[in-house]
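Take a look at the structure set out below.
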Amino acid sequence: MLVSDYTTDHAQEGPKKGKNSFNLRINLFFFSTFIIFCVIIIRLAILQFVEGPTLTEKESSNIVKDVPLPPVRGTIYDASGVKLAYSTPTQSLYLTLMKDYSEKNGKKNRPEAEKMAEDLLEVFNKYGDPNGEKMTKQDIIDAMDLDYKKYSGYSPRRIKMDLSDKEIAYFSEHKSDFPGIAIEEESIRHYDPDTVAVQTIGYIRTFKGSKSLTKYKTIDEQQRSGDAQTDPGLIYTEPEFVGYDGLELMYQDDLRGKNGYKKVPIDPRNMPEGVEDIVPPEKGHNIYSTINKEVQLQTEQAITEQLSWLHSHPVSGKLHPNATTGFAVAMEVKTGNIVAMASMPDYDTNVWQSGSISPENWDKIQNIYQNGTIRSFNPGKSGSHPESVVLLGSTMKPLSVLIGLKEGLIRTNTYYNDTGAAYFGKEGHQTRVQNSQGHVYGGMDPARAIEKSSNAFMVDEIGKKLYDKYKGKSIEVWDKYMTAFGLGVSTGSGLPGEWEGRKEYKDITAAGSAQAAMAYASFGQQGKYTTLQLAQYAAMLANEGKRLKPQLVSKITDDKGNILKTFKPEVLNTVNFNQSYWDEIKRGMKSDVSSFEGFPYSFARKTGTSTQSVGGKLIDNGVFIAFAPKENPVLAIAVMIPEGGFGSQSAAPIARKIFDAYDEVYGLDGVPKGKKETTDGQSNP
């Protein structure tokens, strides 16, 4: 029994002991899990509340920003390699904010920033160029951009350009006194002091001040939205200088080059923490214009002298003191190259050197800074002077005759008896158009009608007949020819802001009727076109139907002189007329111009005197086109002198001097003549 009892008790104790062991293990497992979770929770709390700010700061420190370094802008040369616009190195003072001085920070550090501005001003006044532009304390504070309106916290602010040697030396020795300052090399833009084709070359402004232009507005919007170029070298900065007009704007992308940049780590406050790497900027490409400085300067001088002459010598029986502007374009017939493009008076483009202009300088140039050879503007108070673009007058007549011949309205042997006037309109309510000064020319053919500038012939044989043939659609037919000859459409030059002209013949209400519009248009009184359009038209007459694109640049090179692109003659469109038609109009293009006496080449020319109302008074504008040599045309010229009187006396003398200048430099026969020597050894143009 004892054995049996022991066996039974022992058998009962086994399951009980196993069960206790299992419970122990379960308890240990839950206890361990509890401890682990406690450790995790405590660690998370430490990470969040104790180490969080430190880790966040470290994470932010891993953010690296690209801070641009401005490139050196490329050079614009004339056709012979003379620098017309170029950049030279200059040292600028930049400031990177090392503290938060903004309103968001309660301006608690603002007194410190103002003290720095005062100290900077003191240095500028003491060591700066005494003849340079003076800064004020407010100018410096504005440049600091303490409230981040223009720049991020890590972005350097340009405080002053073109530091003097003494300023550079002082700041180099006292960097510790001005936390965050740095002297950076930039470039400053210079323009030929001889003021060569300044409106054509253009000028620069800061990117910040250029966003009224579509190009820069679009770039700014893309950069702000994050859709800009990913290449940091292509990012524009607010103080960067950009082309604002002329070739400077037209070839901005080539001239600009690429920014360099610093790789700057920033802290949580968006402030810099040193520099990791520097990528140097790439210099911009160089532009070689077709403008020849020597021909251009003689063109400008010719206009200036002629305007002065008109103030003291009667033309068409009176003085012309209000002739204060003149415009001329010289275009090669075979290449389309623009050798001279003058809008006078001009000005010194260096007034834009700082990227803006003083109120005093603006007052001086606001009526002349635009290019009057491609744009319409008024050089004085509105209504007191004609705009820079005037009616073509009789320079339209060669084209009128071509239209008449092409449309079968006349033949080359058509006979017309000029009685001095022509009439159009309903019987009893007719409008009379007379020849200039009432001249009666008698019998004539189309060529003589051009030579004598017969308004009567143009009205009777072209304007009225075109209307009779097409009635109301005559306007469309006329417009087709104007467009084909580049009048009222873009010349294709690519110059920014080019005006397409004003097709007044389309305003039937103003003309009175479609017939009246055609009658007036036939002798040059229903369309205003630019001097460049007129030069392109003259070249088209010279080469017998090819409308060439006006070329203003011959090639683009890199900074080592390697040619990246060349520009060749480009035909925009062609008109096909019978050779006899071209011969007829060239036979008639021999207006009497005394200023060409002794000119050694045969040449075709047409004078024009367009009449318009200005300020309630009728005034005459001088217009002139010509090309030479007549048999193998090389150069076409167009000249406009608003309020200059007869074109033969106001505009033609300028064209003669341009031909002479071209002959000296290039040779109208391919042989440059050079300047003539006088008996005293002085050279004269």
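If you're wondering about the labels, chains in the structure tokens are A, B, ... by order shown, residues count from 1 in each chain, ligands from 1 in order shown.
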
*Among the residues of stretch 462-607 of chain A, find those DSSP assigns to alpha helix (DSSP H) from the backbone and print them as a VMD selection string.*
chain A and resid 464 to 470 474 to 484 508 to 511 514 to 522 531 to 542 579 to 588

Each residue of stretch 289-358 of chain A with at least one atom at most 12 Å from stretch 158-181 of chain A should appear once, together with its nearest atom pair and the corresponding distance in Å (one decimal); atoms considered: only C-alpha atoms; ordering: chain, then increasing residue number; output as a Markdown table.
```
| residue | atom | partner | partner_atom | distance |
| --- | --- | --- | --- | --- |
| A:Gln353 | CA | A:Met161 | CA | 10.7 |
| A:Ser354 | CA | A:Met161 | CA | 8.3 |
| A:Gly355 | CA | A:Met161 | CA | 10.9 |
```

_Between A:Leu466, A:Leu487, A:Ala511, A:Ile475, which residue has the minimum interatomic distance to A:Ala535, considering only C-alpha atoms?_
A:Leu487

*asked:* Let's see if you can do this: from backbone DSSP, list all strand (DSSP E) residues in stretch 47-183 of chain A, as a VMD selection string.
replied: chain A and resid 64 to 69 76 to 77 83 to 95 157 to 160 181 to 183

*asked:* Need to verify the contact set: A:Thr419, 9 Å, only C-alpha atoms, exclusion of same-chain residues closer than 2 positions in sequence. Can you return it as a list in words?
replied: Asn417, Ala421, Ala422, Gln434, His439, Val440, Tyr441, Gly442, Gly443 and Ala456 of chain A

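The spacing separating atom CA of A:Lys406 from atom CA of A:Met540 amounts to 16.0 Å.
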
*Near A:Leu552, within 6 Å and counting only C-alpha atoms, which residues show up once chain neighbours fewer than 6 positions away are dropped, as a PyMOL selection string?*
chain A and resi 289-290+338

Taking only C-alpha atoms into account, produce a table as CSV in which each residue of stretch 380-448 of chain A with an atom at most 10 Å from an atom of stretch 561-579 of chain A appears once, together with its shortest atom pair and the distance in Å to one decimal, ordered by chain and rising number.
```
residue,atom,partner,partner_atom,distance
A:Leu402,CA,A:Phe577,CA,8.2
A:Ile403,CA,A:Phe577,CA,9.6
A:Leu405,CA,A:Phe577,CA,8.9
A:Lys406,CA,A:Phe577,CA,6.9
```

*Identify, on the basis of only C-alpha atoms, every residue whose closest approach to A:Thr531 does not exceed 6 Å; exclude the query and any residue fewer than 2 positions from it along the same chain; express the result as a PyMOL selection string.*
chain A and resi 373+533-534

*Can you list, as a VMD selection string, every protein, DNA or RNA residue that comes within 12 Å of A:Asp479 when you count only C-alpha atoms, leaving out same-chain residues fewer than 2 positions away?*
chain A and resid 400 403 473 to 477 481 to 489 502 to 506 517 to 518 521 to 522 526 to 527

*asked:* Just want the 9 Å neighbourhood of stretch 204-207 of chain A, counted on only C-alpha atoms, with same-chain residues fewer than 4 positions away dropped. Output as an NGL selection string.
replied: :A and (189 or 211 or 216 or 220 or 236-245 or 248-249 or 352-356)
